[in-house]
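Listing of protein-v1.txt, compact mmCIF, N, CA and C atoms and all ligand atoms
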```txt
# COMPACT_ATOMS: atom_id res chain seq x y z
N ASN W 1 101.02 -82.35 174.50
CA ASN W 1 101.66 -81.45 173.54
C ASN W 1 100.66 -80.99 172.49
N LEU W 2 99.82 -80.02 172.84
CA LEU W 2 98.79 -79.54 171.93
C LEU W 2 99.33 -78.44 171.03
N ARG W 3 98.98 -78.55 169.76
CA ARG W 3 99.37 -77.52 168.79
C ARG W 3 98.14 -77.12 167.99
N GLU W 4 98.22 -75.93 167.40
CA GLU W 4 97.13 -75.48 166.54
C GLU W 4 97.68 -75.21 165.15
N VAL W 5 96.90 -75.64 164.16
CA VAL W 5 97.32 -75.41 162.78
C VAL W 5 96.11 -74.93 161.98
N SER W 6 96.38 -74.11 160.99
CA SER W 6 95.32 -73.64 160.10
C SER W 6 95.68 -74.07 158.69
N ILE W 7 94.85 -74.92 158.11
CA ILE W 7 95.15 -75.49 156.80
C ILE W 7 94.15 -74.98 155.76
N PRO W 8 94.64 -74.32 154.72
CA PRO W 8 93.75 -73.88 153.64
C PRO W 8 93.27 -75.10 152.83
N ILE W 9 92.02 -75.02 152.37
CA ILE W 9 91.43 -76.14 151.63
C ILE W 9 90.78 -75.61 150.37
N SER W 10 91.00 -76.30 149.27
CA SER W 10 90.25 -75.90 148.08
C SER W 10 89.23 -76.98 147.74
N GLY W 11 88.19 -76.58 147.05
CA GLY W 11 87.19 -77.53 146.58
C GLY W 11 85.90 -77.57 147.39
N MET W 12 85.82 -76.73 148.43
CA MET W 12 84.57 -76.70 149.21
C MET W 12 83.61 -75.71 148.53
N THR W 13 82.50 -76.23 148.02
CA THR W 13 81.60 -75.35 147.27
C THR W 13 80.28 -75.05 147.96
N CYS W 14 79.98 -75.72 149.06
CA CYS W 14 78.82 -75.32 149.84
C CYS W 14 79.12 -75.55 151.32
N ALA W 15 78.29 -75.00 152.18
CA ALA W 15 78.57 -75.05 153.62
C ALA W 15 78.64 -76.49 154.13
N SER W 16 77.91 -77.38 153.51
CA SER W 16 77.95 -78.78 153.96
C SER W 16 79.29 -79.42 153.68
N CYS W 17 79.99 -78.92 152.67
CA CYS W 17 81.35 -79.42 152.42
C CYS W 17 82.20 -79.20 153.67
N ALA W 18 82.11 -78.02 154.26
CA ALA W 18 82.88 -77.71 155.45
C ALA W 18 82.54 -78.68 156.57
N ALA W 19 81.26 -79.00 156.69
CA ALA W 19 80.83 -79.96 157.72
C ALA W 19 81.41 -81.34 157.44
N ASN W 20 81.50 -81.73 156.16
CA ASN W 20 82.09 -83.02 155.79
C ASN W 20 83.55 -83.10 156.20
N VAL W 21 84.28 -82.02 155.93
CA VAL W 21 85.71 -81.99 156.28
C VAL W 21 85.87 -82.07 157.79
N GLU W 22 85.05 -81.32 158.48
CA GLU W 22 85.12 -81.29 159.94
C GLU W 22 84.94 -82.69 160.53
N LYS W 23 83.93 -83.37 160.02
CA LYS W 23 83.63 -84.71 160.49
C LYS W 23 84.80 -85.66 160.26
N SER W 24 85.41 -85.55 159.10
CA SER W 24 86.53 -86.42 158.75
C SER W 24 87.73 -86.18 159.65
N ILE W 25 88.04 -84.92 159.91
CA ILE W 25 89.19 -84.60 160.77
C ILE W 25 88.93 -85.04 162.20
N LYS W 26 87.67 -84.87 162.65
CA LYS W 26 87.33 -85.22 164.03
C LYS W 26 87.51 -86.71 164.33
N LYS W 27 87.54 -87.52 163.29
CA LYS W 27 87.73 -88.96 163.49
C LYS W 27 89.16 -89.30 163.90
N LEU W 28 90.08 -88.38 163.65
CA LEU W 28 91.48 -88.63 164.00
C LEU W 28 91.65 -88.72 165.51
N GLU W 29 92.45 -89.67 165.91
CA GLU W 29 92.75 -89.92 167.32
C GLU W 29 93.14 -88.66 168.08
N GLY W 30 94.05 -87.88 167.52
CA GLY W 30 94.61 -86.76 168.26
C GLY W 30 93.90 -85.43 168.08
N ALA W 31 92.78 -85.42 167.34
CA ALA W 31 92.07 -84.16 167.10
C ALA W 31 91.34 -83.71 168.36
N GLN W 32 91.65 -82.51 168.82
CA GLN W 32 91.04 -82.01 170.06
C GLN W 32 89.91 -81.03 169.76
N ASP W 33 90.18 -80.11 168.84
CA ASP W 33 89.19 -79.09 168.51
C ASP W 33 89.29 -78.81 167.02
N VAL W 34 88.19 -78.98 166.31
CA VAL W 34 88.22 -78.86 164.86
C VAL W 34 87.16 -77.89 164.41
N SER W 35 87.54 -76.89 163.65
CA SER W 35 86.52 -76.04 163.06
C SER W 35 86.92 -75.67 161.64
N VAL W 36 86.01 -75.93 160.71
CA VAL W 36 86.26 -75.65 159.31
C VAL W 36 85.37 -74.50 158.90
N ASN W 37 86.00 -73.45 158.40
CA ASN W 37 85.27 -72.24 158.01
C ASN W 37 85.10 -72.21 156.49
N PHE W 38 83.86 -72.31 156.06
CA PHE W 38 83.58 -72.35 154.63
C PHE W 38 83.96 -71.02 153.96
N ALA W 39 83.69 -69.91 154.62
CA ALA W 39 83.96 -68.59 154.05
C ALA W 39 85.45 -68.34 153.84
N THR W 40 86.26 -68.70 154.83
CA THR W 40 87.70 -68.45 154.71
C THR W 40 88.43 -69.63 154.08
N GLU W 41 87.69 -70.74 153.88
CA GLU W 41 88.25 -71.96 153.28
C GLU W 41 89.46 -72.49 154.06
N LYS W 42 89.28 -72.54 155.38
CA LYS W 42 90.37 -73.03 156.23
C LYS W 42 89.86 -73.96 157.32
N ALA W 43 90.67 -74.95 157.61
CA ALA W 43 90.41 -75.81 158.76
C ALA W 43 91.36 -75.39 159.88
N THR W 44 90.80 -75.08 161.03
CA THR W 44 91.63 -74.78 162.19
C THR W 44 91.51 -75.96 163.14
N VAL W 45 92.66 -76.54 163.45
CA VAL W 45 92.67 -77.78 164.21
C VAL W 45 93.63 -77.68 165.39
N VAL W 46 93.10 -77.96 166.57
CA VAL W 46 93.95 -78.14 167.74
C VAL W 46 94.15 -79.65 167.88
N TYR W 47 95.41 -80.06 167.88
CA TYR W 47 95.67 -81.50 167.89
C TYR W 47 96.80 -81.83 168.87
N ASP W 48 96.78 -83.06 169.29
CA ASP W 48 97.83 -83.59 170.17
C ASP W 48 98.96 -84.10 169.28
N ALA W 49 100.08 -83.43 169.35
CA ALA W 49 101.21 -83.77 168.47
C ALA W 49 101.80 -85.14 168.78
N ASN W 50 101.44 -85.72 169.92
CA ASN W 50 101.88 -87.08 170.23
C ASN W 50 101.00 -88.13 169.57
N ALA W 51 99.83 -87.73 169.10
CA ALA W 51 98.87 -88.69 168.58
C ALA W 51 98.62 -88.56 167.08
N THR W 52 98.84 -87.38 166.52
CA THR W 52 98.64 -87.23 165.09
C THR W 52 99.58 -86.16 164.56
N ARG W 53 99.54 -85.95 163.27
CA ARG W 53 100.45 -84.97 162.67
C ARG W 53 99.74 -84.29 161.50
N ILE W 54 100.36 -83.21 161.02
CA ILE W 54 99.72 -82.42 159.97
C ILE W 54 99.45 -83.27 158.72
N SER W 55 100.37 -84.16 158.38
CA SER W 55 100.17 -84.98 157.18
C SER W 55 98.92 -85.85 157.31
N GLU W 56 98.62 -86.31 158.51
CA GLU W 56 97.41 -87.12 158.72
C GLU W 56 96.14 -86.27 158.63
N ILE W 57 96.25 -85.04 159.11
CA ILE W 57 95.11 -84.13 159.01
C ILE W 57 94.82 -83.86 157.53
N LYS W 58 95.89 -83.66 156.78
CA LYS W 58 95.72 -83.44 155.34
C LYS W 58 95.11 -84.66 154.64
N GLN W 59 95.52 -85.84 155.08
CA GLN W 59 94.95 -87.07 154.50
C GLN W 59 93.46 -87.16 154.78
N ALA W 60 93.06 -86.74 155.99
CA ALA W 60 91.64 -86.76 156.36
C ALA W 60 90.83 -85.82 155.47
N ILE W 61 91.43 -84.69 155.13
CA ILE W 61 90.77 -83.73 154.23
C ILE W 61 90.61 -84.34 152.85
N GLU W 62 91.65 -85.00 152.37
CA GLU W 62 91.59 -85.66 151.06
C GLU W 62 90.57 -86.78 151.04
N LYS W 63 90.53 -87.53 152.13
CA LYS W 63 89.60 -88.65 152.24
C LYS W 63 88.15 -88.17 152.12
N ALA W 64 87.90 -86.97 152.62
CA ALA W 64 86.55 -86.41 152.54
C ALA W 64 86.25 -85.89 151.13
N GLY W 65 87.28 -85.80 150.30
CA GLY W 65 87.07 -85.41 148.91
C GLY W 65 87.49 -83.99 148.56
N TYR W 66 88.30 -83.37 149.43
CA TYR W 66 88.73 -81.99 149.18
C TYR W 66 90.26 -81.93 149.15
N LYS W 67 90.75 -80.72 148.82
CA LYS W 67 92.19 -80.61 148.61
C LYS W 67 92.86 -79.68 149.63
N PRO W 68 93.71 -80.26 150.48
CA PRO W 68 94.46 -79.41 151.40
C PRO W 68 95.57 -78.69 150.65
N LEU W 69 95.77 -77.42 150.98
CA LEU W 69 96.81 -76.64 150.32
C LEU W 69 97.97 -76.44 151.30
N GLU W 70 99.04 -75.88 150.78
CA GLU W 70 100.21 -75.62 151.63
C GLU W 70 99.85 -74.60 152.70
N ILE W 71 100.32 -74.85 153.90
CA ILE W 71 100.12 -73.91 155.01
C ILE W 71 101.02 -72.72 154.76
N GLU W 72 100.40 -71.52 154.81
CA GLU W 72 101.23 -70.35 154.50
C GLU W 72 101.96 -69.82 155.74
MO1 LIG F 1 77.31 -79.26 149.04
MO2 LIG F 1 79.95 -80.19 149.11
O1 LIG F 1 75.68 -79.78 148.12
O2 LIG F 1 80.84 -81.81 148.64
S1 LIG F 1 78.29 -80.87 150.41
S2 LIG F 1 78.83 -79.22 147.40
```
Taking this structure as input, can you express it in the form of C-alpha cells?
Amino acid sequence: NLREVSIPISGMTCASCAANVEKSIKKLEGAQDVSVNFATEKATVVYDANATRISEIKQAIEKAGYKPLEIE
C-alpha cells in the first residue's frame, strides 16, 4: 500500500539542510522514495502505509531539527 505525500518544511536555510532531512526520513522503515527540495521547501515521500504514517515522517523532520508544516 504505497502512498505519496508532500510535506512543506520550514527552517531549511541551506542545501545541506535538505540533505539532513532526507537522511532522517530515509531511516524510517516504510520510506520507499524520499526527496527533499530545498528551493520549494518540501519533502516528497513515497511510503508504505502499512509500515509508517505521516505523523512519523513529520517526527523524523523534527528530529533532524526542522519544522514540518500542515499539508495543504
Ligand atoms: Mo547549512 Mo542547515 O550550513 O541546518 S546544514 S544551515
Which one is closest to Asn50 in chain W: W:Arg3, W:Glu72, W:Ala15, W:Glu62? Count only N, CA and C atoms. W:Arg3
Chain W residues near ligand LIG 1 (chain F) within 6.5 Å, closest pair each, using only N, CA and C atoms and all ligand atoms, as a tab-separated table:
```
residue	atom	partner	partner_atom	distance
W:Met12	CA	F:LIG1	MO2	5.8
W:Thr13	C	F:LIG1	S2	4.5
W:Cys14	N	F:LIG1	S2	4.0
W:Ala15	N	F:LIG1	MO1	5.4
W:Ser16	C	F:LIG1	S1	3.7
W:Cys17	N	F:LIG1	S1	3.4
W:Ala18	N	F:LIG1	MO2	6.0
```
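In this model, the gap between atom C of Gly65 in chain W and CA of Asn1 in chain W comes to 28.8 Å.
Distances here use only C-alpha atoms; by that measure, the residue among W:Ser10, W:Leu2, W:Asn20, W:Val46 closest to Ala64 in chain W is W:Asn20.
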Return as JSON, numbers by chain the full set of residues in chain W whose backbone-based DSSP assignment is strand (DSSP E or B). {"W": [2, 3, 4, 5, 6, 7, 8, 9, 10, 31, 32, 33, 34, 35, 36, 37, 42, 43, 44, 45, 46, 47, 48, 67, 68]}
Within 6 Å of Val36 in chain W, counting only N, CA and C atoms, which residues show up once you throw out same-chain ones fewer than 3 positions away? Write them as a ChimeraX atom specification, please. /W:18,22,42-44
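You will find CA of Val21 in chain W at 11.4 Å from atom N of Val45 in chain W.
Of the residues listed (W:Lys27, W:Arg53, W:Lys58, W:Lys67), W:Lys67 shows the shortest atom-to-atom separation from Pro8 in chain W; distances use all atoms listed in the file.
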Taken to one decimal, the CA of Tyr47 in chain W-CA of Glu4 in chain W distance is 6.3 Å
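Minimum atom-to-atom distance to Pro68 in chain W, evaluated using all atoms listed in the file, belongs to W:Gly11 out of W:Ala51, W:Val5, W:Gly11, W:Ser35.
Between Leu69 in chain W and the residues W:Ile9, W:Ile25, W:Ala31, W:Ala39, the shortest atom-to-atom distance, using only C-alpha atoms, involves W:Ile9.
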Set up a box along x, y and z of the file covering all listed atoms of range 44-53 of chain W, add 4 Å on every one of the six sides, and write the centre and edge lengths in Å to one decimal, as AutoDock Vina command-line options.
```
--center_x 96.3 --center_y -81.7 --center_z 165.6 --size_x 19.1 --size_y 21.9 --size_z 17.2
```
Which of range 10-72 of chain W end up as alpha helix (DSSP H) when DSSP is run on this backbone - answer as a PyMOL selection string? chain W and resi 15-26+54-63
